[in-house]
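Notes to accompany the following structure.
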Amino acid sequence: MDENTHMRAALAAASEDQIIFDLAGIEGQYESLMRELPDISVRFAMKSCPVDEVLASLAKKGAGFDAASPNEIAQAIRTGVPIGKIHYGNTIKSDQNIIDAHRLGVRDFATDSREDVAAIAAHAAGARVFCRLATTGDGALWGLSQKFGCSGTDAVLVMEAARAAGLKPSGLSVHVGSQQMTADAWQNAFERLADVLAALNQRGIFLDHINLGGGLPALGYLDRRSRPLEPPMDKIFAVIREGMQQLREVSGSHLDFIMEPGRYLVADHGAIRAHVSRLSSRQQLNDERQYWLYLSCGKFNGLYEMDELQYKLVFPSHLDAEYVPAVVAGPTCDSDDAYAYGHNLVQVPKAVASGDPVWILSTGAYATSYTTQGFNGFSPLPYTWIHGDICMKGLE
Ligand SMILES: Cc1ncc(COP(=O)(O)O)c(C=O)c1O
């Protein structure tokens with residue numbers, strides 16, 4: 001049986017709503033990333049899937065962790081990875097956050113401002129800092145622009161400030177935007193990195209690593225028009241390999257490369273077993289009759305990213321059915337909990353009944369983390385996992 005077959009068997013065996021992770025699939029994805037980019041070290045972006053068993057699987061394969069808070073650092077430490085493989089990748093941190101991270105043993109800190117550098121110097125003396133460059137986020141489903149990163153000019157000032165404050169200016173980082181669909185975004189990021197690297201070299205600052213961030217896309221999503229999202233993976237990996245080589249040539253010192261993939265490693269190896277709440281039709285204000293499919297799972301308990309994409313749905317009890325076009329929505333009393341305007345209608349079986357199972361595929365990333373603690377009384381999904389053909393274990 002292949003991976004998908006194992007996942008389907010697990011989904012079919014699930015009689016209650018839950019999210020299922022295929023740990024063997026995640027490990028296989030890690031291995032395939034290592035084959036594409038053998039020279040990088042992975043720092044898995046914990047925010048995308050802060051599930052102990054997933055983290056342990058990745059740690060076992062050799063990954064470290066990109067943590068964004070002291071609590072994430074503590075969770076990463078519990079996997080047993082050496083502390084040197086955990087970095088504080090969030091440019092936003094209070095003095096207390098820095099103190100706590102330093103006490104936990106972290107010595108690598110992301111930064112993007114002189115204010116933050118001063119705080120790191122005060123509370124984590126001698127730490128290594130890597131400065132995040134701003135990107136436009138163009139080409140990504142979620143651009144992550146503006147809130148993070150600084151200009152190249154500012155990066156030089158930030159790194160000079162770090163050196164003057166007794167910190168080790170150690171690396172540069174970028175994030176090209178989450179679910180980045182273009183190779184061009186990577187090309188632009190490498191050009192910016194090369195410029196700043198050269199400017200730093202001229203000032204006698206020689207870095208030891210480049211952090212290429214997240215952004216590698218998942219393969220199993222549909223766009224808002226229900227078309228498969230097909231990122232040009234071969235081209236993306238080729239541009240990254242070439243970019244790494246160019247940076248090595250520009251650099252006056254040995255460079256190690258780090259990446260912080262999140263969704264690429266986990267998205268396609270998680271799936272949700274949900275159920276139909278109701279398929280109903282209502283005449284709208286424009287007099288048209290519209291079908292709405294309400295699921296037990298929506299924006300606030302697993303499908304937070306439904307603003308920008310559609311998920312593949314499987315109705316296992318209605319495989320050969322008559323279909324009707326419907327708006328897909330979650331169970332809460334909140335109008336944001338639905339595919340929005342601009343989304344195509346989704347073909348759903350006309351005969352679905354309340355309680356029928358629905359499988360929601362490629363939901364391994366940002367499902368458990370982007371979930372409310374019981375909005376409108378709808379609880380977060382419990383999670384379970386499989387490892388290849390090892391049977392599903394209930395964890396909660
Ligand atoms: C600093 C940082 N690194 C990595 C990631 C992971 O991104 P992705 O899931 O697109 O790989 C994120 C996500 O937003 C992030 O903020």
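Please note that chains go A, B, ... in the order of the structure tokens, that every chain numbers its residues from 1, and that ligands are numbered from 1 in the order shown.
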**Request:** Collect all residues with atoms no farther than 10 Å from ligand 1, counting only C-alpha atoms and all ligand atoms, and output them as a PyMOL selection string.
**Result:** chain A and resi 43-49+65-68+88-91+110+132+140-144+148-149+173-180+211-218+259-267+365-366
**Request:** Please provide as a VMD selection string all residues within 6 Å of region 154-170 of chain A, with the sequence filter that same-chain residues fewer than 3 positions apart are discarded (counting only C-alpha atoms).
**Result:** chain A and resid 113 to 114 117 126 to 130 150 to 151 207 to 208
**Request:** Select from region 295-390 of chain A everything DSSP, run on the backbone, classes as strand (DSSP E or B), then give the selection as an MDAnalysis selection string.
**Result:** chainID A and resid 295 301 310 313:314 323:329 338 346:349 357:360 371 383:387 390
Can I get the selected residues back with C-alpha atoms, as a short mmCIF file (atom, residue, chain, number, x, y, z; two decimals), in the first residue's frame?
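And here is the file that came out, part_38.cif:
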data_model
loop_
_atom_site.label_atom_id
_atom_site.label_comp_id
_atom_site.auth_asym_id
_atom_site.auth_seq_id
_atom_site.Cartn_x
_atom_site.Cartn_y
_atom_site.Cartn_z
CA LEU A 295 -19.28 21.28 7.34
CA ASN A 301 -11.29 24.79 13.67
CA GLN A 310 -9.91 25.61 -1.58
CA LEU A 313 -13.01 17.32 -0.49
CA VAL A 314 -13.92 13.65 -0.65
CA TYR A 323 -23.57 16.94 -7.87
CA VAL A 324 -24.78 20.48 -7.23
CA PRO A 325 -22.68 23.66 -6.99
CA ALA A 326 -22.47 25.00 -3.44
CA VAL A 327 -20.69 27.50 -1.24
CA VAL A 328 -18.67 25.59 1.34
CA ALA A 329 -18.81 26.94 4.88
CA ALA A 338 -16.99 30.30 4.51
CA VAL A 346 -17.78 23.62 -5.26
CA GLN A 347 -19.46 20.55 -6.74
CA VAL A 348 -20.94 18.54 -3.87
CA PRO A 349 -23.16 15.46 -3.88
CA PRO A 357 -18.25 11.86 6.56
CA VAL A 358 -16.17 14.33 4.54
CA TRP A 359 -12.42 14.03 4.06
CA ILE A 360 -10.55 17.29 3.66
CA THR A 371 -7.58 27.05 15.48
CA TYR A 383 -5.43 14.73 16.32
CA THR A 384 -4.24 11.22 15.60
CA TRP A 385 -1.37 9.86 13.60
CA ILE A 386 -0.33 6.95 11.47
CA HIS A 387 3.13 5.78 10.49
CA ILE A 390 1.14 1.12 11.63
#
**Prompt:** Which of these, A:Asp356, A:Met306, A:Tyr370, A:Glu322, has the shortest distance to Ser15 (chain A) once you count only C-alpha atoms?
**Reply:**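 Nearest candidate to Ser15 (chain A) out of A:Asp356, A:Met306, A:Tyr370, A:Glu322: A:Asp356.
Restricting the calculation to only C-alpha atoms, the smallest distance between Pro228 (chain A) and any of A:Ala124, A:Leu309, A:Leu255, A:Ile20 is found for A:Leu309.
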**Item:** Selected residue, from A:Leu23, A:Gln373, A:Val42, A:Gly171, that lies nearest to Asp268 (chain A) when counting only C-alpha atoms
**Value:** A:Leu23
**Item:** Distance query Leu361 (chain A) at most 6 Å, only C-alpha atoms, self and fewer than 2 positions along chain excluded, as an MDAnalysis selection string
**Value:** chainID A and resid 271 312 363
**Two-atom distance - CA of Ile98 (chain A), CA of Asn71 (chain A) (Å)** = 11.9 Å
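CA of Ala351 (chain A) is found 24.3 Å from CA of Arg224 (chain A).
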**Request:** May I ask for the distance between CA of Ala340 (chain A) and CA of Gln284 (chain A), given in Å to one decimal place?
**Result:**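 Calculated distance between CA of Ala340 (chain A) and CA of Gln284 (chain A) is 15.3 Å.
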**Asked** Can you list, as number ranges by chain, every protein, DNA or RNA residue that comes within 7 Å of region 196-206 of chain A when you count only C-alpha atoms, leaving out same-chain residues fewer than 2 positions away?
**Response** A: 152, 156, 192-194, 208, 250-253
**Request:** Write out as a VMD selection string all residues of region 82-327 of chain A that backbone DSSP assigns to alpha helix (DSSP H).
**Result:** chain A and resid 95 to 104 114 to 123 152 to 164 184 to 202 233 to 250 263 to 266
**Item:** His102 (chain A) environment, 12 Å, only C-alpha atoms, sequence neighbours closer than 6 positions dropped, as a PyMOL selection string
**Value:** chain A and resi 69-70+73-74+83-84+86-88+95-96+108-109+119-128
Those same residues - C-alpha atoms - I'd like them written as a PDB file, in the first residue's frame.
ATOM      1  CA  SER A  69       8.396  32.207  21.249  1.00  0.00           C
ATOM      2  CA  PRO A  70       9.829  30.773  24.475  1.00  0.00           C
ATOM      3  CA  ILE A  73      11.495  26.806  22.157  1.00  0.00           C
ATOM      4  CA  ALA A  74      10.528  24.701  25.189  1.00  0.00           C
ATOM      5  CA  ILE A  83      19.862  23.476  21.513  1.00  0.00           C
ATOM      6  CA  GLY A  84      22.162  24.661  18.720  1.00  0.00           C
ATOM      7  CA  ILE A  86      16.865  25.650  17.656  1.00  0.00           C
ATOM      8  CA  HIS A  87      16.776  29.303  16.729  1.00  0.00           C
ATOM      9  CA  TYR A  88      14.520  32.154  17.693  1.00  0.00           C
ATOM     10  CA  ASP A  95      12.720  41.877  26.625  1.00  0.00           C
ATOM     11  CA  GLN A  96      11.194  39.080  28.690  1.00  0.00           C
ATOM     12  CA  ASP A 108      20.655  32.373  17.568  1.00  0.00           C
ATOM     13  CA  PHE A 109      18.211  35.252  17.188  1.00  0.00           C
ATOM     14  CA  ALA A 119      17.488  44.374  23.470  1.00  0.00           C
ATOM     15  CA  ILE A 120      19.274  41.169  22.400  1.00  0.00           C
ATOM     16  CA  ALA A 121      22.623  42.667  23.426  1.00  0.00           C
ATOM     17  CA  ALA A 122      21.186  43.619  26.818  1.00  0.00           C
ATOM     18  CA  HIS A 123      19.545  40.283  27.558  1.00  0.00           C
ATOM     19  CA  ALA A 124      21.454  37.709  25.527  1.00  0.00           C
ATOM     20  CA  ALA A 125      25.000  39.044  25.547  1.00  0.00           C
ATOM     21  CA  GLY A 126      27.238  37.640  22.838  1.00  0.00           C
ATOM     22  CA  ALA A 127      24.383  35.982  20.927  1.00  0.00           C
ATOM     23  CA  ARG A 128      24.490  35.372  17.185  1.00  0.00           C
TER      24      ARG A 128
END
